[in-house]
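Asker: Can you keep this structure in mind? I'll have questions shortly.
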Amino acid sequence: MLSRYGFHLPTRIEIGAGMLRETGTMATELTTGRRAFIVTDPGVKAAGITGRVESSLIEAGFNCCLYQAVKPNPKDHDCEKGGEEARQFKADVIVAVGGGSVIDSAKTIALLQTYGDPLTAYEGRGKVPGALTPVIAIPTTAGTGSEVTRSAVINDTKRNLKISVKDINLTPRLAVIDPETTYTLPVGLTASTGMDALVHAIEAYTCRKANPFSDAMALAAMEMLYPALPVVVENGRDKTARSAMMTGSVMAGIAFSHADVGAVHCLAEAIGGLYDTAHGIANSVFLPSVTAFNAEADPERHARAARACGLDTTNLSPEEASRLLTQQLASISAAIGIPKFSNLDQVNPQDFEYLAEISEQNGSSESNCRPIRKNDYLKILQDCYNS
Ligand SMILES: [Fe+2]
């Protein structure tokens, strides 16, 4: 746990069913300009969510331009193209309507519109020169937390590698959290993005950069997410559970952006960069093994996480409670239909050396609960593949 830390959340958060219909009014409080550049993807647009946001903006007097070229595991060239279009449109505000890929893309589009190409010039921490065109984030999944974080993870398509841009200026200025946007989210996406949110909470709580503020958010997020996840997978129209997932996901985002993630994300980003694996699935396949590895270093925190998830740890030692957590994370993952690592497309054991090396080089590796080196990553990759 850190002894020196800060808490800086520049995002205004508005939560409630139907909230996205107020986007236009809230946008007028953010900018005097009336040119809104909407970043979305074809699936979200087809679901009618983008149109509802656009109508709200038009009603408030905005002239809108739609950019829907975002793909899963967003690509650098799509962000650079979006930045160019936003520049030509002279956008006053960037409005992201979608999941993590869309919101991360919108952040970099705002960055590139304001300061120009290439994206790699801003790779790493604190490389953004200053304020950006303001970003409004409207998540349509309960998972990413990107609506309240200061980072964007984008695929560098020349190196087949995920790069992170981390800077407080990248944080959206407004997050419109409307659980209604998730009512029709397909089961697979509900499960994988929900697991991503749960991983954010667990990694934020157990990582070396945790602090009392991030702990409070992470524990509250686990309390909401863990029981609600199987419910929304079973019945996507359960309003109470959808709402809990949305709120828990925002809290988990605040938690990890003020602490960090750890080895699960390092591995997930490595395979996401190489194989284009969906981020939530990539996280899920490594979560139980990494939890088992980490729990040896800090069984008390893992036992506390188990209790926050609602597991019955009565009469269990911290070590036993940690093992229960590991088992239950594997069970919940299987129960909601997450595939095994060995069943994912393209996975090839010959890549494991490379994947272990890339995971070790990830900036969040040093935040992991337990010191972790390339050989540890290699063993986790092999164990997950063979299990
Ligand atoms: Fe994540």
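Letters A, B, ... go to the chains of the structure tokens in the order shown; residues in each chain start at 1; ligands are counted from 1 in the same order.
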Give the residue list for ligand 1 at 8 Å, counting only C-alpha atoms and all ligand atoms, as a list in words, sorted by chain and then by residue number.
Answerer: Gly143, Thr144, Gly145, Asp196, Ala197, Val199, His200, His265, His279, Gly280 and Asn283 of chain A
Asker: Write out as number ranges by chain the set of residues from range 131-316 of chain A that DSSP, computed on the backbone, places in alpha helix (DSSP H).
Answerer: A: 187-206, 212-234, 239-258, 263-275, 279-295, 299-308
Asker: Provide the CA of Thr206 in chain A to CA of Gly16 in chain A distance in Å, to one decimal place.
Answerer: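 Interatomic distance, CA of Thr206 in chain A to CA of Gly16 in chain A: 29.9 Å.
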Asker: With a distance cut-off of 12 Å and only C-alpha atoms, select the neighbouring residues of Leu316 in chain A, excluding the residue or stretch itself and same-chain residues fewer than 5 positions from it, and output the selection as JSON, numbers by chain.
Answerer: {"A": [299, 300, 303, 304, 306, 307, 311, 321, 322, 323, 324, 325]}
Asker: Applying 7 Å and only C-alpha atoms, which residues near Ala218 in chain A remain after dropping the ones on its own chain fewer than 2 positions away? List them as a list in words.
Answerer: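 Those residues are Ala201, Ile202, Ala204, Tyr205, Ser214, Asp215, Ala216, Ala220, Ala221, Met222, Met251, Ala252 and Ala255 of chain A.
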Asker: What does the file look like for those residues with N, CA and C atoms, as an mmCIF file, in the first residue's frame?
Answerer:
data_model
loop_
_atom_site.group_PDB
_atom_site.id
_atom_site.type_symbol
_atom_site.label_atom_id
_atom_site.label_comp_id
_atom_site.auth_asym_id
_atom_site.auth_seq_id
_atom_site.Cartn_x
_atom_site.Cartn_y
_atom_site.Cartn_z
ATOM 1 N N ALA A 201 -11.454 -4.370 -10.112
ATOM 2 C CA ALA A 201 -11.632 -4.190 -8.665
ATOM 3 C C ALA A 201 -10.617 -5.042 -7.886
ATOM 4 N N ILE A 202 -10.459 -6.297 -8.295
ATOM 5 C CA ILE A 202 -9.552 -7.203 -7.566
ATOM 6 C C ILE A 202 -8.094 -6.746 -7.706
ATOM 7 N N ALA A 204 -7.003 -3.705 -8.463
ATOM 8 C CA ALA A 204 -6.802 -2.418 -7.783
ATOM 9 C C ALA A 204 -6.631 -2.637 -6.280
ATOM 10 N N TYR A 205 -7.409 -3.576 -5.725
ATOM 11 C CA TYR A 205 -7.373 -3.797 -4.273
ATOM 12 C C TYR A 205 -6.098 -4.513 -3.834
ATOM 13 N N SER A 214 -8.581 4.180 -3.095
ATOM 14 C CA SER A 214 -8.839 3.167 -4.136
ATOM 15 C C SER A 214 -9.425 1.911 -3.496
ATOM 16 N N ASP A 215 -8.971 1.590 -2.270
ATOM 17 C CA ASP A 215 -9.535 0.423 -1.562
ATOM 18 C C ASP A 215 -11.045 0.551 -1.379
ATOM 19 N N ALA A 216 -11.471 1.738 -0.960
ATOM 20 C CA ALA A 216 -12.902 1.942 -0.688
ATOM 21 C C ALA A 216 -13.714 1.687 -1.960
ATOM 22 N N ALA A 220 -16.180 -1.711 -2.623
ATOM 23 C CA ALA A 220 -17.592 -1.455 -2.951
ATOM 24 C C ALA A 220 -17.924 -2.026 -4.331
ATOM 25 N N ALA A 221 -16.967 -1.921 -5.255
ATOM 26 C CA ALA A 221 -17.185 -2.464 -6.606
ATOM 27 C C ALA A 221 -17.356 -3.977 -6.551
ATOM 28 N N MET A 222 -16.494 -4.666 -5.786
ATOM 29 C CA MET A 222 -16.621 -6.134 -5.676
ATOM 30 C C MET A 222 -17.979 -6.512 -5.090
ATOM 31 N N MET A 251 -17.070 2.357 -10.306
ATOM 32 C CA MET A 251 -16.256 2.360 -9.078
ATOM 33 C C MET A 251 -14.934 1.611 -9.293
ATOM 34 N N ALA A 252 -15.011 0.488 -9.987
ATOM 35 C CA ALA A 252 -13.785 -0.276 -10.254
ATOM 36 C C ALA A 252 -12.833 0.539 -11.126
ATOM 37 N N ALA A 255 -11.182 2.988 -8.960
ATOM 38 C CA ALA A 255 -10.206 2.282 -8.113
ATOM 39 C C ALA A 255 -8.900 2.033 -8.851
#
Asker: For the structure I just gave you, how does DSSP split range 100-252 of chain A - specifically, which residues are strand (DSSP E or B)? Reply as a list in words.
Answerer: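 Selecting the strand (DSSP E or B) positions of range 100-252 of chain A gives Gly124, Arg125, Val135, Ile136, Ala137, Ile138, Pro139, Ser151, Ala152, Val153, Ile154, Asn155, Asp156, Leu161, Lys162, Ile163, Ser164, Val165, Lys166, Leu174, Ala175, Val176 and Ile177 of chain A.
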Asker: Selected residues, N, CA and C atoms, written as a short mmCIF file (atom, residue, chain, number, x, y, z; two decimals), in the first residue's frame, please.
Answerer:
data_model
loop_
_atom_site.label_atom_id
_atom_site.label_comp_id
_atom_site.auth_asym_id
_atom_site.auth_seq_id
_atom_site.Cartn_x
_atom_site.Cartn_y
_atom_site.Cartn_z
N GLY A 124 3.01 6.09 -22.96
CA GLY A 124 3.59 6.14 -21.61
C GLY A 124 2.82 7.09 -20.71
N ARG A 125 3.46 7.49 -19.62
CA ARG A 125 2.78 8.34 -18.63
C ARG A 125 3.15 9.81 -18.80
N VAL A 135 -14.10 15.50 -23.54
CA VAL A 135 -14.69 14.22 -23.93
C VAL A 135 -15.87 13.91 -23.00
N ILE A 136 -16.99 13.53 -23.60
CA ILE A 136 -18.12 12.98 -22.84
C ILE A 136 -18.14 11.48 -23.12
N ALA A 137 -18.15 10.67 -22.07
CA ALA A 137 -18.15 9.22 -22.25
C ALA A 137 -19.48 8.64 -21.83
N ILE A 138 -20.09 7.88 -22.74
CA ILE A 138 -21.36 7.21 -22.45
C ILE A 138 -21.14 5.72 -22.66
N PRO A 139 -20.78 4.99 -21.58
CA PRO A 139 -20.49 3.56 -21.75
C PRO A 139 -21.75 2.76 -22.05
N SER A 151 -6.50 6.73 -18.90
CA SER A 151 -5.67 5.98 -19.85
C SER A 151 -6.46 5.53 -21.08
N ALA A 152 -5.73 5.29 -22.14
CA ALA A 152 -6.30 4.68 -23.35
C ALA A 152 -5.31 3.61 -23.80
N VAL A 153 -5.86 2.44 -24.15
CA VAL A 153 -5.01 1.34 -24.62
C VAL A 153 -5.36 1.07 -26.08
N ILE A 154 -4.37 1.22 -26.93
CA ILE A 154 -4.59 1.17 -28.39
C ILE A 154 -3.60 0.18 -29.01
N ASN A 155 -4.04 -0.53 -30.05
CA ASN A 155 -3.14 -1.45 -30.75
C ASN A 155 -2.21 -0.70 -31.70
N ASP A 156 -0.93 -0.85 -31.48
CA ASP A 156 0.07 -0.36 -32.42
C ASP A 156 0.17 -1.44 -33.50
N LEU A 161 1.21 -4.71 -30.93
CA LEU A 161 1.45 -4.50 -29.52
C LEU A 161 0.44 -3.48 -29.01
N LYS A 162 -0.02 -3.69 -27.77
CA LYS A 162 -0.90 -2.68 -27.19
C LYS A 162 -0.05 -1.60 -26.53
N ILE A 163 -0.34 -0.35 -26.83
CA ILE A 163 0.36 0.72 -26.15
C ILE A 163 -0.63 1.49 -25.27
N SER A 164 -0.12 2.04 -24.17
CA SER A 164 -0.96 2.81 -23.27
C SER A 164 -0.55 4.27 -23.31
N VAL A 165 -1.55 5.12 -23.33
CA VAL A 165 -1.31 6.55 -23.11
C VAL A 165 -1.98 6.86 -21.78
N LYS A 166 -1.18 7.33 -20.82
CA LYS A 166 -1.73 7.61 -19.49
C LYS A 166 -1.42 9.05 -19.11
N LEU A 174 -17.04 14.33 -18.56
CA LEU A 174 -18.39 13.96 -18.14
C LEU A 174 -18.61 12.49 -18.47
N ALA A 175 -19.14 11.73 -17.51
CA ALA A 175 -19.54 10.34 -17.76
C ALA A 175 -21.04 10.24 -17.55
N VAL A 176 -21.75 9.85 -18.59
CA VAL A 176 -23.20 9.67 -18.50
C VAL A 176 -23.45 8.17 -18.40
N ILE A 177 -23.85 7.74 -17.21
CA ILE A 177 -23.97 6.31 -16.92
C ILE A 177 -25.46 5.93 -16.93
#
Asker: Can you tell me which residues surround range 72-78 of chain A at a distance of at most 8 Å, considering only C-alpha atoms, apart from same-chain residues fewer than 2 positions away, and format the answer as a PyMOL selection string?
Answerer: chain A and resi 69-70+80-82+101-102+104-105+119+153-157+272-273+276-279
Asker: For Ser3 in chain A, find every residue with an atom within 8 Å (counting only C-alpha atoms), except residues of its own chain fewer than 2 positions away, and show them as a PyMOL selection string.
Answerer: chain A and resi 1+5+211
Asker: Which residues of range 152-191 of chain A come within 12 Å of range 25-46 of chain A, and what is each one's closest atom pair and distance in Å (one decimal), counting only C-alpha atoms, sorted by chain and residue number, as JSON lines?
Answerer:
{"residue": "A:Pro172", "atom": "CA", "partner": "A:Leu30", "partner_atom": "CA", "distance": 11.2}
{"residue": "A:Arg173", "atom": "CA", "partner": "A:Leu30", "partner_atom": "CA", "distance": 8.1}
{"residue": "A:Leu174", "atom": "CA", "partner": "A:Met26", "partner_atom": "CA", "distance": 8.4}
{"residue": "A:Ala175", "atom": "CA", "partner": "A:Met26", "partner_atom": "CA", "distance": 10.2}
{"residue": "A:Val176", "atom": "CA", "partner": "A:Met26", "partner_atom": "CA", "distance": 9.3}
{"residue": "A:Thr181", "atom": "CA", "partner": "A:Val44", "partner_atom": "CA", "distance": 9.1}
{"residue": "A:Thr182", "atom": "CA", "partner": "A:Val44", "partner_atom": "CA", "distance": 10.2}
{"residue": "A:Thr184", "atom": "CA", "partner": "A:Val44", "partner_atom": "CA", "distance": 10.3}
{"residue": "A:Leu185", "atom": "CA", "partner": "A:Val44", "partner_atom": "CA", "distance": 9.3}
{"residue": "A:Pro186", "atom": "CA", "partner": "A:Gly43", "partner_atom": "CA", "distance": 10.7}
{"residue": "A:Leu189", "atom": "CA", "partner": "A:Gly43", "partner_atom": "CA", "distance": 11.8}
Asker: Go ahead and write the selection's residues with N, CA and C atoms as a JSON list (two decimals), in the first residue's frame.
Answerer:
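Now in selection.json:
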[["chain", "number", "residue", "atom", "x", "y", "z"],
["A", 172, "PRO", "N", -12.09, 11.70, -19.30],
["A", 172, "PRO", "CA", -13.32, 12.36, -19.77],
["A", 172, "PRO", "C", -13.80, 13.40, -18.76],
["A", 173, "ARG", "N", -14.44, 14.46, -19.26],
["A", 173, "ARG", "CA", -14.93, 15.52, -18.37],
["A", 173, "ARG", "C", -16.31, 15.17, -17.82],
["A", 174, "LEU", "N", -17.04, 14.33, -18.56],
["A", 174, "LEU", "CA", -18.39, 13.96, -18.14],
["A", 174, "LEU", "C", -18.61, 12.49, -18.47],
["A", 175, "ALA", "N", -19.14, 11.73, -17.51],
["A", 175, "ALA", "CA", -19.54, 10.34, -17.76],
["A", 175, "ALA", "C", -21.04, 10.24, -17.55],
["A", 176, "VAL", "N", -21.75, 9.85, -18.59],
["A", 176, "VAL", "CA", -23.20, 9.67, -18.50],
["A", 176, "VAL", "C", -23.45, 8.17, -18.40],
["A", 181, "THR", "N", -28.66, 1.37, -21.42],
["A", 181, "THR", "CA", -27.85, 1.08, -22.61],
["A", 181, "THR", "C", -27.39, -0.38, -22.62],
["A", 182, "THR", "N", -27.43, -1.05, -21.46],
["A", 182, "THR", "CA", -26.92, -2.43, -21.39],
["A", 182, "THR", "C", -28.03, -3.48, -21.42],
["A", 184, "THR", "N", -29.92, -4.60, -23.65],
["A", 184, "THR", "CA", -29.94, -5.51, -24.81],
["A", 184, "THR", "C", -28.54, -5.98, -25.18],
["A", 185, "LEU", "N", -27.57, -5.75, -24.31],
["A", 185, "LEU", "CA", -26.19, -6.19, -24.58],
["A", 185, "LEU", "C", -26.17, -7.73, -24.68],
["A", 186, "PRO", "N", -25.57, -8.28, -25.75],
["A", 186, "PRO", "CA", -25.55, -9.75, -25.88],
["A", 186, "PRO", "C", -24.88, -10.44, -24.69],
["A", 189, "LEU", "N", -20.94, -10.59, -24.48],
["A", 189, "LEU", "CA", -20.32, -9.31, -24.13],
["A", 189, "LEU", "C", -20.62, -8.93, -22.69]]
Asker: Given the choices A:Leu57, A:Leu267, A:Ile94, A:Ile49, which gets closest to Ala106 in chain A if the distance is worked out from only C-alpha atoms?
Answerer: A:Ile94
Asker: Find the residue from A:Ser284, A:Thr171, A:Asn235, A:Asn63 that sits nearest to Ile338 in chain A; use only C-alpha atoms when measuring.
Answerer: A:Ser284
Asker: Excluding same-chain residues fewer than 2 positions from Gly130 in chain A, what lies within 10 Å of it counting only C-alpha atoms, as a short mmCIF file (atom, residue, chain, number, x, y, z; two decimals) with N, CA and C atoms, in the first residue's frame?
Answerer:
data_model
loop_
_atom_site.label_atom_id
_atom_site.label_comp_id
_atom_site.auth_asym_id
_atom_site.auth_seq_id
_atom_site.Cartn_x
_atom_site.Cartn_y
_atom_site.Cartn_z
N LEU A 111 -7.14 13.80 -28.26
CA LEU A 111 -5.71 14.11 -28.13
C LEU A 111 -5.11 14.48 -29.48
N THR A 114 -6.30 17.74 -30.93
CA THR A 114 -5.74 18.91 -30.26
C THR A 114 -4.24 19.09 -30.54
N TYR A 115 -3.49 17.98 -30.54
CA TYR A 115 -2.02 18.12 -30.61
C TYR A 115 -1.36 17.44 -31.81
N GLY A 126 2.13 10.67 -18.69
CA GLY A 126 2.38 12.11 -18.59
C GLY A 126 2.97 12.76 -19.82
N LYS A 127 2.66 12.25 -21.01
CA LYS A 127 3.22 12.82 -22.25
C LYS A 127 2.26 13.77 -22.97
N VAL A 128 1.07 13.95 -22.42
CA VAL A 128 0.09 14.82 -23.08
C VAL A 128 0.39 16.27 -22.68
N LEU A 132 -7.36 18.92 -23.48
CA LEU A 132 -7.84 18.44 -24.79
C LEU A 132 -9.24 18.98 -25.07
N ASP A 167 -2.48 9.81 -18.92
CA ASP A 167 -2.27 11.22 -18.56
C ASP A 167 -3.59 11.75 -18.01
N ILE A 168 -3.51 12.55 -16.98
CA ILE A 168 -4.74 13.07 -16.35
C ILE A 168 -5.59 13.86 -17.36
N ASN A 169 -4.92 14.49 -18.35
CA ASN A 169 -5.66 15.27 -19.36
C ASN A 169 -6.54 14.40 -20.26
N LEU A 170 -6.29 13.10 -20.25
CA LEU A 170 -7.07 12.18 -21.09
C LEU A 170 -8.42 11.82 -20.44
#
Asker: How far is it from CA of Ala268 in chain A to CA of Ala282 in chain A, in Å with one decimal?
Answerer: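 Between CA of Ala268 in chain A and CA of Ala282 in chain A the gap works out to 4.7 Å.
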Asker: Report the distance between CA of Val264 in chain A and CA of Val290 in chain A in Å, rounded to one decimal place.
Answerer: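 The value is 6.3 Å.
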Asker: Given only C-alpha atoms as the basis, pick out the residue of A:Leu225, A:Leu20, A:Val261, A:Ala305 nearest to Pro179 in chain A.
Answerer: A:Leu20
